[in-house]
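Student: Supplied structure: final.pdb, PDB, C-alpha atoms and all ligand atoms.
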ATOM      1  CA  MET A   1       5.839-224.752 119.940
ATOM      2  CA  ILE A   2       2.110-225.404 120.042
ATOM      3  CA  GLU A   3       1.302-222.228 118.153
ATOM      4  CA  ARG A   4       3.361-223.058 115.086
ATOM      5  CA  ASP A   5       0.221-223.018 113.003
ATOM      6  CA  LEU A   6       0.067-219.260 113.466
ATOM      7  CA  PHE A   7       2.390-219.242 110.461
ATOM      8  CA  PRO A   8       2.915-221.166 107.239
ATOM      9  CA  ARG A   9       5.191-224.160 107.677
ATOM     10  CA  ALA A  10       8.336-222.539 106.313
ATOM     11  CA  ALA A  11       8.390-220.070 109.234
ATOM     12  CA  ARG A  12      10.182-220.590 112.534
ATOM     13  CA  TYR A  13       8.429-219.146 115.565
ATOM     14  CA  VAL A  14       9.966-218.906 119.035
ATOM     15  CA  TYR A  15       8.288-217.372 122.056
ATOM     16  CA  MET A  16       8.876-217.092 125.768
ATOM     17  CA  ARG A  17       6.761-216.239 128.785
ATOM     18  CA  THR A  18       8.195-213.927 131.435
ATOM     19  CA  ASP A  19       7.168-212.902 134.922
ATOM     20  CA  SER A  20       7.022-209.348 136.175
ATOM     21  CA  ALA A  21      10.643-209.309 137.416
ATOM     22  CA  VAL A  22      13.051-207.498 135.117
ATOM     23  CA  ASP A  23      15.556-210.085 133.894
ATOM     24  CA  LEU A  24      18.505-208.911 131.793
ATOM     25  CA  THR A  25      20.001-212.365 131.195
ATOM     26  CA  ASN A  26      19.108-212.454 127.509
ATOM     27  CA  PHE A  27      19.931-208.799 126.984
ATOM     28  CA  ASN A  28      23.407-209.318 128.432
ATOM     29  CA  GLN A  29      24.102-212.045 125.863
ATOM     30  CA  LEU A  30      23.255-209.924 122.827
ATOM     31  CA  HIS A  31      25.812-208.645 120.325
ATOM     32  CA  PRO A  32      27.349-205.331 121.451
ATOM     33  CA  GLU A  33      25.753-203.550 118.461
ATOM     34  CA  GLU A  34      22.338-204.831 119.491
ATOM     35  CA  LYS A  35      22.823-203.704 123.076
ATOM     36  CA  GLY A  36      23.949-200.330 121.766
ATOM     37  CA  LEU A  37      20.517-199.753 120.197
ATOM     38  CA  VAL A  38      18.899-199.449 123.637
ATOM     39  CA  SER A  39      21.893-198.429 125.737
ATOM     40  CA  ARG A  40      20.027-195.434 127.159
ATOM     41  CA  ALA A  41      16.775-197.278 127.817
ATOM     42  CA  VAL A  42      15.412-198.301 131.213
ATOM     43  CA  ASP A  43      16.015-201.897 132.291
ATOM     44  CA  ARG A  44      12.415-202.981 131.533
ATOM     45  CA  ARG A  45      12.908-201.959 127.875
ATOM     46  CA  LYS A  46      16.325-203.621 127.728
ATOM     47  CA  ALA A  47      14.803-206.830 129.080
ATOM     48  CA  GLU A  48      11.990-207.012 126.492
ATOM     49  CA  PHE A  49      14.412-206.042 123.717
ATOM     50  CA  GLY A  50      16.864-208.754 124.818
ATOM     51  CA  ASP A  51      14.201-211.433 125.186
ATOM     52  CA  ALA A  52      12.634-210.804 121.773
ATOM     53  CA  ARG A  53      16.038-210.790 120.080
ATOM     54  CA  TRP A  54      16.963-213.969 121.941
ATOM     55  CA  CYS A  55      13.808-215.539 120.459
ATOM     56  CA  ALA A  56      14.874-214.251 117.045
ATOM     57  CA  HIS A  57      18.370-215.745 117.301
ATOM     58  CA  GLU A  58      16.857-219.082 118.336
ATOM     59  CA  ALA A  59      14.458-218.952 115.404
ATOM     60  CA  LEU A  60      17.278-218.048 112.992
ATOM     61  CA  ALA A  61      19.281-221.007 114.312
ATOM     62  CA  GLU A  62      16.296-223.250 113.527
ATOM     63  CA  LEU A  63      16.430-221.881 109.981
ATOM     64  CA  GLY A  64      20.095-222.839 109.769
ATOM     65  CA  TYR A  65      21.732-219.492 110.591
ATOM     66  CA  GLY A  66      24.246-220.946 113.054
ATOM     67  CA  SER A  67      25.748-218.047 114.951
ATOM     68  CA  SER A  68      23.490-215.386 113.590
ATOM     69  CA  GLU A  69      24.636-211.842 113.170
ATOM     70  CA  ALA A  70      23.340-208.838 115.081
ATOM     71  CA  ILE A  71      19.722-207.959 114.358
ATOM     72  CA  LEU A  72      19.987-204.225 113.974
ATOM     73  CA  ARG A  73      17.285-201.612 113.472
ATOM     74  CA  GLY A  74      16.380-200.249 110.068
ATOM     75  CA  GLU A  75      14.118-197.587 108.685
ATOM     76  CA  GLY A  76      11.039-196.838 110.794
ATOM     77  CA  GLY A  77      12.268-199.106 113.604
ATOM     78  CA  MET A  78      11.949-202.328 111.623
ATOM     79  CA  PRO A  79      14.344-205.143 112.497
ATOM     80  CA  LEU A  80      17.045-205.917 109.909
ATOM     81  CA  TRP A  81      17.302-209.614 109.061
ATOM     82  CA  PRO A  82      20.043-211.547 107.295
ATOM     83  CA  ASP A  83      19.798-211.526 103.497
ATOM     84  CA  GLY A  84      17.102-213.895 102.327
ATOM     85  CA  VAL A  85      15.142-213.779 105.592
ATOM     86  CA  SER A  86      11.903-212.054 106.557
ATOM     87  CA  GLY A  87      10.802-211.770 110.156
ATOM     88  CA  SER A  88       9.153-209.856 112.940
ATOM     89  CA  LEU A  89       9.386-209.278 116.690
ATOM     90  CA  THR A  90       6.913-208.532 119.453
ATOM     91  CA  HIS A  91       6.987-208.049 123.203
ATOM     92  CA  THR A  92       4.463-207.237 125.839
ATOM     93  CA  GLU A  93       4.462-207.656 129.621
ATOM     94  CA  GLY A  94       4.741-211.426 130.128
ATOM     95  CA  PHE A  95       5.256-212.525 126.522
ATOM     96  CA  ARG A  96       7.983-212.103 123.859
ATOM     97  CA  ALA A  97       8.180-213.685 120.441
ATOM     98  CA  ALA A  98       9.918-213.714 117.088
ATOM     99  CA  VAL A  99       9.175-215.259 113.735
ATOM    100  CA  VAL A 100      11.537-215.684 110.785
ATOM    101  CA  ALA A 101      11.184-217.325 107.393
ATOM    102  CA  PRO A 102      13.039-217.640 104.093
ATOM    103  CA  VAL A 103      11.873-214.766 101.848
ATOM    104  CA  ASP A 104      11.345-217.198  99.015
ATOM    105  CA  HIS A 105       8.498-218.626 101.138
ATOM    106  CA  LEU A 106       7.305-215.581 103.094
ATOM    107  CA  VAL A 107       7.975-212.260 101.400
ATOM    108  CA  SER A 108       6.976-210.392 104.534
ATOM    109  CA  VAL A 109       5.573-211.258 107.943
ATOM    110  CA  GLY A 110       4.379-209.357 110.992
ATOM    111  CA  ILE A 111       3.652-210.614 114.485
ATOM    112  CA  ASP A 112       1.979-208.911 117.410
ATOM    113  CA  CYS A 113       0.951-209.972 120.902
ATOM    114  CA  GLU A 114      -1.382-208.285 123.332
ATOM    115  CA  PRO A 115      -2.919-209.159 126.683
ATOM    116  CA  ALA A 116      -6.323-210.761 126.107
ATOM    117  CA  GLY A 117      -8.430-208.042 127.664
ATOM    118  CA  PRO A 118     -10.536-205.180 126.326
ATOM    119  CA  LEU A 119      -8.795-202.023 125.111
ATOM    120  CA  PRO A 120      -8.855-198.994 127.413
ATOM    121  CA  GLU A 121     -11.999-196.851 127.179
ATOM    122  CA  GLY A 122     -12.165-194.794 123.975
ATOM    123  CA  VAL A 123      -9.319-196.482 122.090
ATOM    124  CA  VAL A 124     -11.561-198.554 119.860
ATOM    125  CA  ASP A 125     -12.944-195.388 118.243
ATOM    126  CA  GLN A 126      -9.419-194.398 117.262
ATOM    127  CA  ILE A 127      -8.369-197.719 115.768
ATOM    128  CA  ALA A 128     -11.452-199.464 114.342
ATOM    129  CA  ARG A 129     -13.358-198.768 111.143
ATOM    130  CA  SER A 130     -17.139-199.097 111.186
ATOM    131  CA  GLN A 131     -17.157-202.636 109.714
ATOM    132  CA  GLU A 132     -14.627-203.653 112.333
ATOM    133  CA  ARG A 133     -16.780-202.175 115.114
ATOM    134  CA  GLN A 134     -19.690-204.293 113.858
ATOM    135  CA  GLN A 135     -17.499-207.392 114.029
ATOM    136  CA  ILE A 136     -16.437-206.456 117.553
ATOM    137  CA  ASP A 137     -20.107-206.221 118.604
ATOM    138  CA  THR A 138     -20.836-209.628 117.062
ATOM    139  CA  MET A 139     -17.815-211.269 118.679
ATOM    140  CA  ARG A 140     -18.697-209.681 122.038
ATOM    141  CA  SER A 141     -22.232-211.042 121.807
ATOM    142  CA  ASN A 142     -20.572-214.442 121.327
ATOM    143  CA  GLY A 143     -18.622-214.001 124.556
ATOM    144  CA  ILE A 144     -15.298-212.714 123.157
ATOM    145  CA  GLU A 145     -14.763-209.802 125.537
ATOM    146  CA  TRP A 146     -11.379-208.942 124.035
ATOM    147  CA  ALA A 147     -12.675-208.638 120.447
ATOM    148  CA  ASP A 148     -11.535-204.997 120.190
ATOM    149  CA  ARG A 149      -8.027-206.027 121.299
ATOM    150  CA  LEU A 150      -7.974-208.740 118.655
ATOM    151  CA  ILE A 151      -8.719-206.193 115.907
ATOM    152  CA  PHE A 152      -6.005-203.917 117.317
ATOM    153  CA  CYS A 153      -3.494-206.767 117.475
ATOM    154  CA  ALA A 154      -4.307-207.816 113.881
ATOM    155  CA  LYS A 155      -3.723-204.221 112.768
ATOM    156  CA  GLU A 156      -0.340-203.996 114.465
ATOM    157  CA  ALA A 157       0.757-207.263 112.837
ATOM    158  CA  THR A 158      -0.506-205.826 109.542
ATOM    159  CA  TYR A 159       1.679-202.753 110.004
ATOM    160  CA  LYS A 160       4.775-204.847 110.740
ATOM    161  CA  CYS A 161       4.142-206.871 107.581
ATOM    162  CA  TRP A 162       3.354-203.750 105.526
ATOM    163  CA  PHE A 163       6.282-201.529 106.445
ATOM    164  CA  PRO A 164       9.201-203.638 105.171
ATOM    165  CA  LEU A 165       7.343-204.017 101.852
ATOM    166  CA  SER A 166       6.328-200.406 101.341
ATOM    167  CA  ARG A 167       8.566-198.327 103.663
ATOM    168  CA  ARG A 168       5.491-196.166 104.275
ATOM    169  CA  TRP A 169       3.352-195.309 107.256
ATOM    170  CA  LEU A 170      -0.026-197.070 107.455
ATOM    171  CA  GLY A 171      -2.603-195.589 109.798
ATOM    172  CA  PHE A 172      -5.346-197.557 111.505
ATOM    173  CA  ASP A 173      -7.695-196.526 108.696
ATOM    174  CA  GLY A 174      -5.275-197.929 106.131
ATOM    175  CA  ALA A 175      -6.416-201.543 106.401
ATOM    176  CA  GLU A 176      -9.639-203.289 107.265
ATOM    177  CA  ILE A 177      -9.537-206.511 109.235
ATOM    178  CA  GLU A 178     -12.026-209.296 108.632
ATOM    179  CA  VAL A 179     -11.773-211.834 111.437
ATOM    180  CA  HIS A 180     -12.804-215.420 110.774
ATOM    181  CA  PRO A 181     -13.810-217.770 113.585
ATOM    182  CA  ASP A 182     -11.367-220.470 112.411
ATOM    183  CA  GLY A 183      -8.359-218.520 113.691
ATOM    184  CA  THR A 184      -7.624-216.697 110.442
ATOM    185  CA  PHE A 185      -8.234-213.139 109.315
ATOM    186  CA  THR A 186      -7.863-211.125 106.155
ATOM    187  CA  SER A 187      -6.297-207.702 106.235
ATOM    188  CA  TYR A 188      -7.613-205.696 103.277
ATOM    189  CA  ILE A 189      -5.152-202.945 102.415
ATOM    190  CA  LEU A 190      -6.961-199.707 101.655
ATOM    191  CA  ALA A 191      -3.893-197.483 101.195
ATOM    192  CA  ARG A 192      -2.679-196.956  97.645
ATOM    193  CA  PRO A 193      -0.359-197.865  96.091
ATOM    194  CA  ALA A 194      -0.256-201.260  97.823
ATOM    195  CA  PRO A 195       2.079-204.147  96.934
ATOM    196  CA  VAL A 196      -0.783-206.654  97.349
ATOM    197  CA  PRO A 197      -4.501-206.012  97.960
ATOM    198  CA  PHE A 198      -4.659-208.065 101.145
ATOM    199  CA  PHE A 199      -2.525-209.901 103.680
ATOM    200  CA  GLU A 200      -3.397-213.277 105.120
ATOM    201  CA  GLY A 201      -3.594-213.397 108.894
ATOM    202  CA  ARG A 202      -3.946-215.849 111.744
ATOM    203  CA  TRP A 203      -4.810-215.365 115.392
ATOM    204  CA  LYS A 204      -4.833-217.283 118.634
ATOM    205  CA  GLU A 205      -5.827-216.591 122.207
ATOM    206  CA  ARG A 206      -4.019-218.682 124.782
ATOM    207  CA  ALA A 207      -3.223-218.293 128.469
ATOM    208  CA  GLY A 208      -4.203-214.639 128.624
ATOM    209  CA  PHE A 209      -2.499-213.470 125.426
ATOM    210  CA  ILE A 210      -3.619-212.822 121.887
ATOM    211  CA  VAL A 211      -1.024-213.447 119.180
ATOM    212  CA  THR A 212      -1.600-212.437 115.573
ATOM    213  CA  SER A 213       0.369-212.915 112.391
ATOM    214  CA  ALA A 214      -0.005-211.171 109.048
ATOM    215  CA  PHE A 215       1.968-212.388 106.067
ATOM    216  CA  VAL A 216       2.455-212.443 102.318
ATOM    217  CA  THR A 217       3.535-215.766 100.892
ATOM    218  CA  ALA A 218       5.718-215.881  97.780
ATOM    219  CA  GLU A 219       2.826-217.525  95.943
ATOM    220  CA  HIS A 220       0.462-214.722  96.908
ATOM    221  CA  ALA A 221       3.035-212.047  95.986
ATOM    222  CA  ALA A 222       3.665-213.610  92.580
ATOM    223  CA  ARG A 223       0.036-212.925  91.662
ATOM    224  CA  PHE A 224       0.478-209.195  92.220
ATOM    225  CA  ILE A 225       4.168-208.165  92.316
ATOM    226  CA  HIS A 226       5.964-208.308  88.963
TER     227      HIS A 226
HETATM  228  C1  LIG B 301       5.415-200.173 115.381
HETATM  229  C2  LIG B 301       4.260-200.770 116.193
HETATM  230  C3  LIG B 301       3.353-201.586 115.262
HETATM  231  C4  LIG B 301       4.857-201.697 117.263
HETATM  232  O1  LIG B 301       3.857-202.411 117.931
HETATM  233  P1  LIG B 301       3.760-202.446 119.543
HETATM  234  O2  LIG B 301       2.570-203.284 119.898
HETATM  235  O3  LIG B 301       3.839-201.044 120.040
HETATM  236  O4  LIG B 301       5.084-203.149 120.041
HETATM  237  P2  LIG B 301       5.584-204.664 119.881
HETATM  238  O5  LIG B 301       6.363-204.963 121.087
HETATM  239  O6  LIG B 301       4.518-205.614 119.529
HETATM  240  O7  LIG B 301       6.571-204.566 118.632
HETATM  241  C5  LIG B 301       7.738-203.831 118.726
HETATM  242  C6  LIG B 301       8.664-204.311 117.633
HETATM  243  O8  LIG B 301       8.082-204.001 116.378
HETATM  244  C7  LIG B 301       9.148-203.916 115.442
HETATM  245  N1  LIG B 301       8.938-202.731 114.618
HETATM  246  C8  LIG B 301       9.014-201.445 115.010
HETATM  247  N2  LIG B 301       8.801-200.637 113.948
HETATM  248  C9  LIG B 301       8.586-201.446 112.886
HETATM  249  C10 LIG B 301       8.323-201.201 111.513
HETATM  250  N3  LIG B 301       8.213-199.960 111.011
HETATM  251  N4  LIG B 301       8.164-202.253 110.681
HETATM  252  C11 LIG B 301       8.263-203.523 111.152
HETATM  253  N5  LIG B 301       8.514-203.822 112.460
HETATM  254  C12 LIG B 301       8.666-202.778 113.312
HETATM  255  C13 LIG B 301      10.446-203.816 116.225
HETATM  256  O9  LIG B 301      11.139-205.035 116.112
HETATM  257  C14 LIG B 301       9.977-203.593 117.631
HETATM  258  O10 LIG B 301      10.767-204.198 118.629
HETATM  259  P3  LIG B 301      12.238-203.643 118.987
HETATM  260  O11 LIG B 301      12.147-202.154 118.995
HETATM  261  O12 LIG B 301      12.511-204.246 120.321
HETATM  262  O13 LIG B 301      13.114-204.161 117.871
HETATM  263  C15 LIG B 301       3.379-199.680 116.887
HETATM  264  O14 LIG B 301       4.137-199.028 117.896
HETATM  265  C16 LIG B 301       2.864-198.623 115.932
HETATM  266  O15 LIG B 301       3.542-197.649 115.599
HETATM  267  N6  LIG B 301       1.594-198.762 115.497
HETATM  268  C17 LIG B 301       0.945-197.781 114.655
HETATM  269  C18 LIG B 301       0.884-198.263 113.213
HETATM  270  C19 LIG B 301      -0.200-199.278 113.060
HETATM  271  O16 LIG B 301      -0.306-200.211 113.836
HETATM  272  N7  LIG B 301      -1.064-199.115 112.019
HETATM  273  C20 LIG B 301      -2.150-199.993 111.817
HETATM  274  C21 LIG B 301      -2.248-200.360 110.359
HETATM  275  S1  LIG B 301      -3.832-201.101 109.985
END
Translate this file's structure into structure tokens.
Tutor:
Amino acid sequence: MIERDLFPRAARYVYMRTDSAVDLTNFNQLHPEEKGLVSRAVDRRKAEFGDARWCAHEALAELGYGSSEAILRGEGGMPLWPDGVSGSLTHTEGFRAAVVAPVDHLVSVGIDCEPAGPLPEGVVDQIARSQERQQIDTMRSNGIEWADRLIFCAKEATYKCWFPLSRRWLGFDGAEIEVHPDGTFTSYILARPAPVPFFEGRWKERAGFIVTSAFVTAEHAARFIH
């Protein structure tokens, strides 16, 4: 659990590494209703779905939710957590993770992981605002080749934090990421209305993966949400 500081202390974060073989062990142990959500999917999708939900059940157990209930899918594809819990899931080839927290500590949270390599040609123009492109150039000149992927990953975590709060779409132009070298970032929300003007974020690159979190603490929310 070396990356626990990706989140405030009240959160529980569980991740797993996987190899390229499709392994349905975790999927097979899910609740029938969970399995039913991806019953028509290919095995690779079932495997990532099962692994991330396995991480989520482990994390919920750490929060004290003994035999946690099925984590179903809500509006817009967001995961549905037990009452009083916020959380988020992510999966990419080789890495799956989940984070959960009591809502009275974290009102909303998003997590995303990406391979630590540059985005495919042309994608940066579709996802980055001009200030973000300047940051990418600066980070690249400091040797961070995957700077564009970091911005992308921070934006996806932002979306997963945003959606449960607003129930609205947020395009890549809808928030501007400011990355800080200390492993934090700020996600300024440009869409209006917005529940809070910015989300706090954290990032890490480790063993070939970038993981980002975006969150709204209860303290932060209390300043803006009445
Ligand atoms: C939804 C989205 C963020 C998922 O990210 P991804 O990198 O493709 O996939 P990940 O594996 O990291 O995450 C997938 C998980 O996200 C969660 N998720 C999906 N839709 C969600 C939503 N609306 N709100 C919160 N979480 C959501 C689900 O748990 C999903 O896993 P599951 O289907 O197995 O339950 C992405 O597909 C997307 O639509 N992005 C465009 C919106 C965006 O990023 N805007 C930028 C704002 S600045």
Student: I'd like the residues picked by the PyMOL selection byres (((not hetatm)) within 6 of (chain B and resi 301)) written out as JSON, numbers by chain, using the chain letters and numbers from the file.
Tutor: {"A": [49, 76, 77, 78, 79, 89, 90, 91, 92, 112, 113, 155, 156, 158, 159, 160, 163, 164, 170, 171, 172, 174, 175]}
Student: Would you mind listing what lies within 7 Å of range 54-68 of chain A as a list in words, with all atoms listed in the file counted and same-chain residues fewer than 3 positions away left out?
Tutor: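 Answer for this query is Arg12, Tyr13, Val14, Tyr15, Asn26, Gly50, Asp51, Ala97, Ala98, Val99 and Val100 of chain A.
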Student: With 6 Å added on each side, what axis-aligned box encloses every listed atom of range 60-70 of chain A? Give the centre and edge lengths in Å to one decimal, as lines of an AutoDock Vina configuration file.
Tutor:
center_x = 21.0
center_y = -216.0
center_z = 112.4
size_x = 21.5
size_y = 26.4
size_z = 17.3
Student: Calculate how many Å separate CA of Arg44 in chain A from CA of Ala207 in chain A, rounding to one decimal.
Tutor: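 These two atoms are separated by 22.1 Å.
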Student: Selection in question (the file shown): the PyMOL selection byres (((chain A and resi 165) around 12) and not hetatm). Which residues does it include, as a PyMOL selection string?
Tutor: chain A and resi 75+78+86-87+103+106-110+158-164+166-170+193-196+199+215-216+221+225
Student: Mind pulling up the distance from CA of Arg133 in chain A to CA of Pro118 in chain A?
Tutor: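 Interatomic distance here is 13.2 Å.
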Student: Measure the distance from CA of Asp83 in chain A to CA of Arg192 in chain A in Å and round it to one decimal.
Tutor: 27.4 Å
Student: Go through the shown structure with the PyMOL selection byres (((chain A and resi 153) around 9) and not hetatm) and write out the matching residues as a list in words.
Tutor: Ile111, Asp112, Cys113, Glu114, Asp148, Arg149, Leu150, Ile151, Phe152, Ala154, Lys155, Glu156, Ala157, Thr158, Trp203, Ile210, Val211, Thr212 and Ser213 of chain A
Student: From the list A:Lys204, A:Ile144, A:Asp173, A:Ala70, which residue is nearest Ala191 in chain A when using only C-alpha atoms?
Tutor: A:Asp173
Student: Which residue gives the smallest distance to Asp19 in chain A among A:Glu121, A:Glu219, A:Glu48, A:Glu200, with only C-alpha atoms counted?
Tutor: A:Glu48
Student: Ranking A:Ala214, A:Val42, A:Ala47, A:Leu30 by minimum distance to Thr184 in chain A and counting only C-alpha atoms, which one comes first?
Tutor: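 Of all the options, A:Ala214 lies closest to Thr184 in chain A.
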Student: Any idea what's packed within 10 Å of Leu37 in chain A, counting all atoms listed in the file, ignoring anything in its chain fewer than 4 positions away? Could you give it as a list in words?
Tutor: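 Neighbouring residues, sequence-local ones excluded: Pro32, Glu33, Ala41, Lys46, Phe49, Leu72 and Arg73 of chain A.
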Student: Quick one: residues within 6 Å of (21.5, -206.5, 109.5) (file frame), counting all atoms listed in the file, please, as JSON, numbers by chain.
Tutor: {"A": [71, 72, 80, 81, 82]}
Student: Select range 83-127 of chain A in the preceding structure and write C-alpha atoms to a file as an mmCIF file, in the first residue's frame.
Tutor:
data_model
loop_
_atom_site.group_PDB
_atom_site.id
_atom_site.type_symbol
_atom_site.label_atom_id
_atom_site.label_comp_id
_atom_site.auth_asym_id
_atom_site.auth_seq_id
_atom_site.Cartn_x
_atom_site.Cartn_y
_atom_site.Cartn_z
ATOM 1 C CA ASP A 83 -24.835 4.597 1.500
ATOM 2 C CA GLY A 84 -22.311 6.884 3.126
ATOM 3 C CA VAL A 85 -19.438 5.856 0.847
ATOM 4 C CA SER A 86 -17.749 7.602 -2.069
ATOM 5 C CA GLY A 87 -15.375 5.781 -4.368
ATOM 6 C CA SER A 88 -13.943 5.173 -7.791
ATOM 7 C CA LEU A 89 -12.545 2.392 -9.973
ATOM 8 C CA THR A 90 -9.929 2.169 -12.696
ATOM 9 C CA HIS A 91 -8.373 -0.520 -14.852
ATOM 10 C CA THR A 92 -5.823 -0.606 -17.584
ATOM 11 C CA GLU A 93 -3.702 -3.409 -19.041
ATOM 12 C CA GLY A 94 -1.550 -4.553 -16.107
ATOM 13 C CA PHE A 95 -3.086 -2.460 -13.326
ATOM 14 C CA ARG A 96 -6.468 -2.298 -11.525
ATOM 15 C CA ALA A 97 -7.431 -0.204 -8.540
ATOM 16 C CA ALA A 98 -10.248 1.052 -6.361
ATOM 17 C CA VAL A 99 -10.573 3.737 -3.741
ATOM 18 C CA VAL A 100 -13.387 4.220 -1.228
ATOM 19 C CA ALA A 101 -13.937 6.655 1.615
ATOM 20 C CA PRO A 102 -16.648 7.749 4.042
ATOM 21 C CA VAL A 103 -18.581 10.608 2.382
ATOM 22 C CA ASP A 104 -18.298 12.633 5.550
ATOM 23 C CA HIS A 105 -14.550 12.785 4.791
ATOM 24 C CA LEU A 106 -14.462 12.647 0.984
ATOM 25 C CA VAL A 107 -17.590 13.943 -0.711
ATOM 26 C CA SER A 108 -16.393 12.638 -4.053
ATOM 27 C CA VAL A 109 -13.275 10.976 -5.420
ATOM 28 C CA GLY A 110 -12.008 9.869 -8.810
ATOM 29 C CA ILE A 111 -9.084 7.631 -9.679
ATOM 30 C CA ASP A 112 -7.449 6.904 -13.003
ATOM 31 C CA CYS A 113 -4.433 4.900 -14.128
ATOM 32 C CA GLU A 114 -2.596 4.972 -17.416
ATOM 33 C CA PRO A 115 0.586 3.442 -18.791
ATOM 34 C CA ALA A 116 3.454 5.895 -18.303
ATOM 35 C CA GLY A 117 4.133 6.608 -21.948
ATOM 36 C CA PRO A 118 3.287 9.440 -24.333
ATOM 37 C CA LEU A 119 -0.227 9.644 -25.776
ATOM 38 C CA PRO A 120 -0.712 8.492 -29.370
ATOM 39 C CA GLU A 121 0.083 11.109 -32.025
ATOM 40 C CA GLY A 122 -2.544 13.861 -32.238
ATOM 41 C CA VAL A 123 -4.450 13.051 -29.042
ATOM 42 C CA VAL A 124 -2.922 15.847 -27.008
ATOM 43 C CA ASP A 125 -4.558 18.443 -29.275
ATOM 44 C CA GLN A 126 -7.947 16.940 -28.482
ATOM 45 C CA ILE A 127 -7.556 16.796 -24.716
#
